[in-house]
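> This is the structure I have questions about; it appears just below.
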Amino acid sequence: MLTTEFVTGSPNWLDVASPDIATSADFYTAVFGWTFQSAGPDAGGYGFFQQDGRTVAALGPLTENGADAAWTVYFKSQDADATAHSVTRHGGAVRVDPMDVMDAGRMACLTDPQGADFAVWQPVSVRGLESTSERGTLCWAELHTDDGAGALAFYRAVFGWRFQEFPMPGMTYTVLSTGEGDQEDATFGGVAPVQGDERSRWLPYFAVDDADALVAAVRDNGGSVVMPATDVPDVGRMAHLADPFGARFAVLRPAPPQG
């Protein structure tokens with residue numbers, strides 16, 4: 001289960017890059033009921049989405065040449081420089097070199113060998129997200145890749161992740177766990193094959209009370225539906241969506257606990 005007790009390799013931050021901060025802020029506040037708080041005049045437009053006074057995600061401008069609007073999942077690192085070095089040593093790439101973010105922490109933007117972008121956050125004064133696995137917050141991080149075996153080998157080498165495979169109709173789904181703690185309790189995401197012409201990417205899932213209502217809200221506010229709301233046995237009801245600029249995310253109404 002994804003929690004805010006962050007350990008090495010667990011998702012600990014999340015942001016979306018946009019060509020239009022105001023429009024994206026309006027979209028996500030309308031869809032999820034979040035509020036948006038600017039990080040201040042020196043932050044270049046960066047700011048925080050909050051729910052009940054706690055930070056659940058962030059929003060910032062596009063900063064990389066040729067980049068498209070996209071959500072980025074950050075994973076906790078004890079040493080962002082060492083992690084960046086490990087990424088290149090194991091076939092990945094560094095898009096943005098490790099850098100300090102004022103006194104908040106140190107970050108680096110990276111890409112795995114299959115082309116999926118991600119980042120790392122080395123906390124200092126900002127530990128990470130302040131709420132997860134509740135309504136309107138990050139509850140799962142899913143890697144879509146065309147080379148599951150290669151991706152798993154890469155992330156195991158970089159973060160020490162563990163994984164377990166589960167057969168599903170037409171595919172094998174791999175559940176990811178951090179290297180620390182009980183493997184089932186430490187699960188935070190999964191790996192699935194890409195579909196059609198989809199590129200490799202990390203897809204954040206947000207917990208919701210009503211997936212169909214979120215789909216309607218996305219449509220009503222200028223977003224689009226990538227995969228309609230669908231029931232997945234023992235998992236819940238989910239949908240894959242995109243904001244007005246094409247940044248993809250997913251929502252999940254978790255199935256009730258069994259037993």
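Ordering of the structure tokens sets the chain letters (A, B, ...), residue numbers begin anew at 1 in every chain, and ligands are numbered from 1 in the order given.
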Please build the interface table for range 80-198 of chain A against range 47-61 of chain A with a cut-off of 9 Å, listing for each qualifying residue the nearest atom pair and the distance in Å to one decimal; count only C-alpha atoms, order rows by chain and increasing number, and write it as a tab-separated table.

```
residue	atom	partner	partner_atom	distance
A:Gly128	CA	A:Thr55	CA	8.5
A:Leu129	CA	A:Val56	CA	5.5
A:Glu130	CA	A:Thr55	CA	5.2
A:Ser131	CA	A:Val56	CA	5.7
A:Thr132	CA	A:Val56	CA	7.1
A:Gly136	CA	A:Gln51	CA	7.7
A:Thr137	CA	A:Val56	CA	5.7
A:Leu138	CA	A:Val56	CA	7.2
```
> With N, CA and C atoms retained, could you export that selection as a PDB file, in the first residue's frame?

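Output saved as again-v4.pdb:
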```
ATOM      1  N   GLY A 128       7.990  14.957   1.120  1.00  0.00           N
ATOM      2  CA  GLY A 128       7.276  14.442  -0.037  1.00  0.00           C
ATOM      3  C   GLY A 128       5.797  14.764   0.064  1.00  0.00           C
ATOM      4  N   LEU A 129       4.979  14.003  -0.624  1.00  0.00           N
ATOM      5  CA  LEU A 129       3.531  14.188  -0.573  1.00  0.00           C
ATOM      6  C   LEU A 129       3.046  14.042   0.862  1.00  0.00           C
ATOM      7  N   GLU A 130       2.005  14.804   1.191  1.00  0.00           N
ATOM      8  CA  GLU A 130       1.501  14.800   2.561  1.00  0.00           C
ATOM      9  C   GLU A 130       0.287  13.909   2.753  1.00  0.00           C
ATOM     10  N   SER A 131      -0.237  13.354   1.659  1.00  0.00           N
ATOM     11  CA  SER A 131      -1.377  12.445   1.744  1.00  0.00           C
ATOM     12  C   SER A 131      -1.355  11.517   0.544  1.00  0.00           C
ATOM     13  N   THR A 132      -1.576  10.229   0.771  1.00  0.00           N
ATOM     14  CA  THR A 132      -1.660   9.236  -0.301  1.00  0.00           C
ATOM     15  C   THR A 132      -2.718   8.205   0.062  1.00  0.00           C
ATOM     16  N   GLY A 136      -8.886  11.234  -3.848  1.00  0.00           N
ATOM     17  CA  GLY A 136      -8.253  12.374  -4.489  1.00  0.00           C
ATOM     18  C   GLY A 136      -6.747  12.416  -4.377  1.00  0.00           C
ATOM     19  N   THR A 137      -6.128  11.324  -3.956  1.00  0.00           N
ATOM     20  CA  THR A 137      -4.668  11.315  -3.806  1.00  0.00           C
ATOM     21  C   THR A 137      -4.069  10.127  -4.556  1.00  0.00           C
ATOM     22  N   LEU A 138      -2.751  10.180  -4.729  1.00  0.00           N
ATOM     23  CA  LEU A 138      -2.041   9.110  -5.418  1.00  0.00           C
ATOM     24  C   LEU A 138      -2.195   7.793  -4.657  1.00  0.00           C
TER      25      LEU A 138
END
```
> Please provide the set of residues having any atom within 9 Å of Ala186 in chain A, restricted to only C-alpha atoms, with same-chain residues fewer than 3 positions apart removed, written as a ChimeraX atom specification.
/A:1-3,10,176-183
> How would the residues just chosen look if you wrote them out with C-alpha atoms as a PDB file, in the first residue's frame?

```
ATOM      1  CA  MET A   1       0.000   0.000   0.000  1.00  0.00           C
ATOM      2  CA  LEU A   2       1.238   3.452  -0.891  1.00  0.00           C
ATOM      3  CA  THR A   3       1.843   5.492   2.260  1.00  0.00           C
ATOM      4  CA  SER A  10       8.868   4.495  -3.008  1.00  0.00           C
ATOM      5  CA  LEU A 176       6.047  -3.822  -7.546  1.00  0.00           C
ATOM      6  CA  SER A 177       7.260  -3.504  -3.963  1.00  0.00           C
ATOM      7  CA  THR A 178      10.062  -1.496  -2.409  1.00  0.00           C
ATOM      8  CA  GLY A 179      13.102  -3.383  -1.177  1.00  0.00           C
ATOM      9  CA  GLU A 180      12.249  -2.754   2.490  1.00  0.00           C
ATOM     10  CA  GLY A 181       9.590  -4.309   4.688  1.00  0.00           C
ATOM     11  CA  ASP A 182       7.001  -7.014   4.124  1.00  0.00           C
ATOM     12  CA  GLN A 183       6.653  -7.440   0.357  1.00  0.00           C
TER      13      GLN A 183
END
```
> Excluding same-chain residues fewer than 5 positions from range 140-143 of chain A, what lies within 6 Å of it counting only C-alpha atoms, as a PyMOL selection string?
chain A and resi 188-191+201-205
> Show me, as a PyMOL selection string, the residues that have an atom within 7 Å of Pro11 in chain A when counting only C-alpha atoms, minus same-chain residues fewer than 6 positions from it.
chain A and resi 73-76
> Once you have the residues from the selection above, write them out as a short mmCIF file (atom, residue, chain, number, x, y, z; two decimals), in the first residue's frame, restricted to N, CA and C atoms.

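Final output, selection36.cif:
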```
data_model
loop_
_atom_site.label_atom_id
_atom_site.label_comp_id
_atom_site.auth_asym_id
_atom_site.auth_seq_id
_atom_site.Cartn_x
_atom_site.Cartn_y
_atom_site.Cartn_z
N VAL A 73 6.27 10.88 -12.01
CA VAL A 73 6.33 10.24 -10.69
C VAL A 73 7.79 10.32 -10.20
N TYR A 74 7.96 10.75 -8.96
CA TYR A 74 9.28 10.82 -8.33
C TYR A 74 9.40 9.69 -7.32
N PHE A 75 10.59 9.10 -7.23
CA PHE A 75 10.86 8.04 -6.28
C PHE A 75 11.93 8.51 -5.30
N LYS A 76 11.78 8.07 -4.06
CA LYS A 76 12.71 8.53 -3.03
C LYS A 76 14.11 7.99 -3.26
#
```
> Separation of CA of Ala43 in chain A and CA of Trp121 in chain A, in Å?
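Going from CA of Ala43 in chain A over to CA of Trp121 in chain A, I get 17.0 Å.
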> Would you please extract all helix (DSSP H, G or I) residues from range 44-247 of chain A, as assigned by DSSP on the backbone, and give them as an MDAnalysis selection string?
chainID A and resid 80:89 148:159 211:220
> Considering only C-alpha atoms, can you say which of A:Gly170, A:Pro233, A:Pro254, A:Pro113 comes closest to Val208 in chain A?
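When distances to Val208 in chain A are compared using only C-alpha atoms, the smallest one comes from A:Pro254.
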> Skip Gly246 in chain A itself and residues of its chain fewer than 3 positions away, then list as number ranges by chain all residues within 7 Å of it, counting only C-alpha atoms.
A: 69, 242-243
> For the selection just defined, write its residues with N, CA, C and O atoms to a file, as a PDB file, in the first residue's frame.

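File produced: again.pdb:
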```pdb
ATOM      1  N   ALA A  69       3.262  17.965 -22.311  1.00  0.00           N
ATOM      2  CA  ALA A  69       2.614  17.952 -21.005  1.00  0.00           C
ATOM      3  C   ALA A  69       2.557  16.508 -20.493  1.00  0.00           C
ATOM      4  O   ALA A  69       2.200  15.594 -21.239  1.00  0.00           O
ATOM      5  N   ALA A 242      -6.931  11.953 -19.775  1.00  0.00           N
ATOM      6  CA  ALA A 242      -5.909  12.937 -20.142  1.00  0.00           C
ATOM      7  C   ALA A 242      -6.464  14.327 -19.901  1.00  0.00           C
ATOM      8  O   ALA A 242      -7.662  14.584 -20.086  1.00  0.00           O
ATOM      9  N   ASP A 243      -5.584  15.234 -19.462  1.00  0.00           N
ATOM     10  CA  ASP A 243      -6.016  16.608 -19.229  1.00  0.00           C
ATOM     11  C   ASP A 243      -6.085  17.366 -20.559  1.00  0.00           C
ATOM     12  O   ASP A 243      -5.806  16.791 -21.625  1.00  0.00           O
TER      13      ASP A 243
END
```
> If we count only C-alpha atoms, what is near Met107 in chain A at a cut-off of 7 Å, once residues fewer than 5 positions away on the same chain are taken out, given as JSON, numbers by chain?
{"A": [80, 98, 99, 100, 120, 121, 122]}
> Please compute the CA of Trp34 in chain A-CA of Val175 in chain A distance, one decimal, in Å.
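Separating CA of Trp34 in chain A from CA of Val175 in chain A is a distance of 28.8 Å.
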> In Å, rounded to a single decimal, give me how far CA of Ala93 in chain A is from CA of Arg127 in chain A.
25.0 Å
> Give the answer as one residue: which of A:Asp79, A:Thr174, A:Asp147, A:Ser24 has the shortest atom-to-atom distance to Pro123 in chain A, using only C-alpha atoms?
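Of the candidates, the smallest distance to Pro123 in chain A is held by A:Asp79.
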> Restricting the calculation to only C-alpha atoms, which member of A:Ala192, A:Val7, A:Ala216, A:Ala151 is positioned closest to Met171 in chain A?
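Among the listed residues, A:Ala192 lies closest to Met171 in chain A.
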> Using only C-alpha atoms, which residues sit within 12 Å of Val232 in chain A once same-chain residues fewer than 4 positions away are excluded, as a PyMOL selection string?
chain A and resi 168-169+236-239+252-255
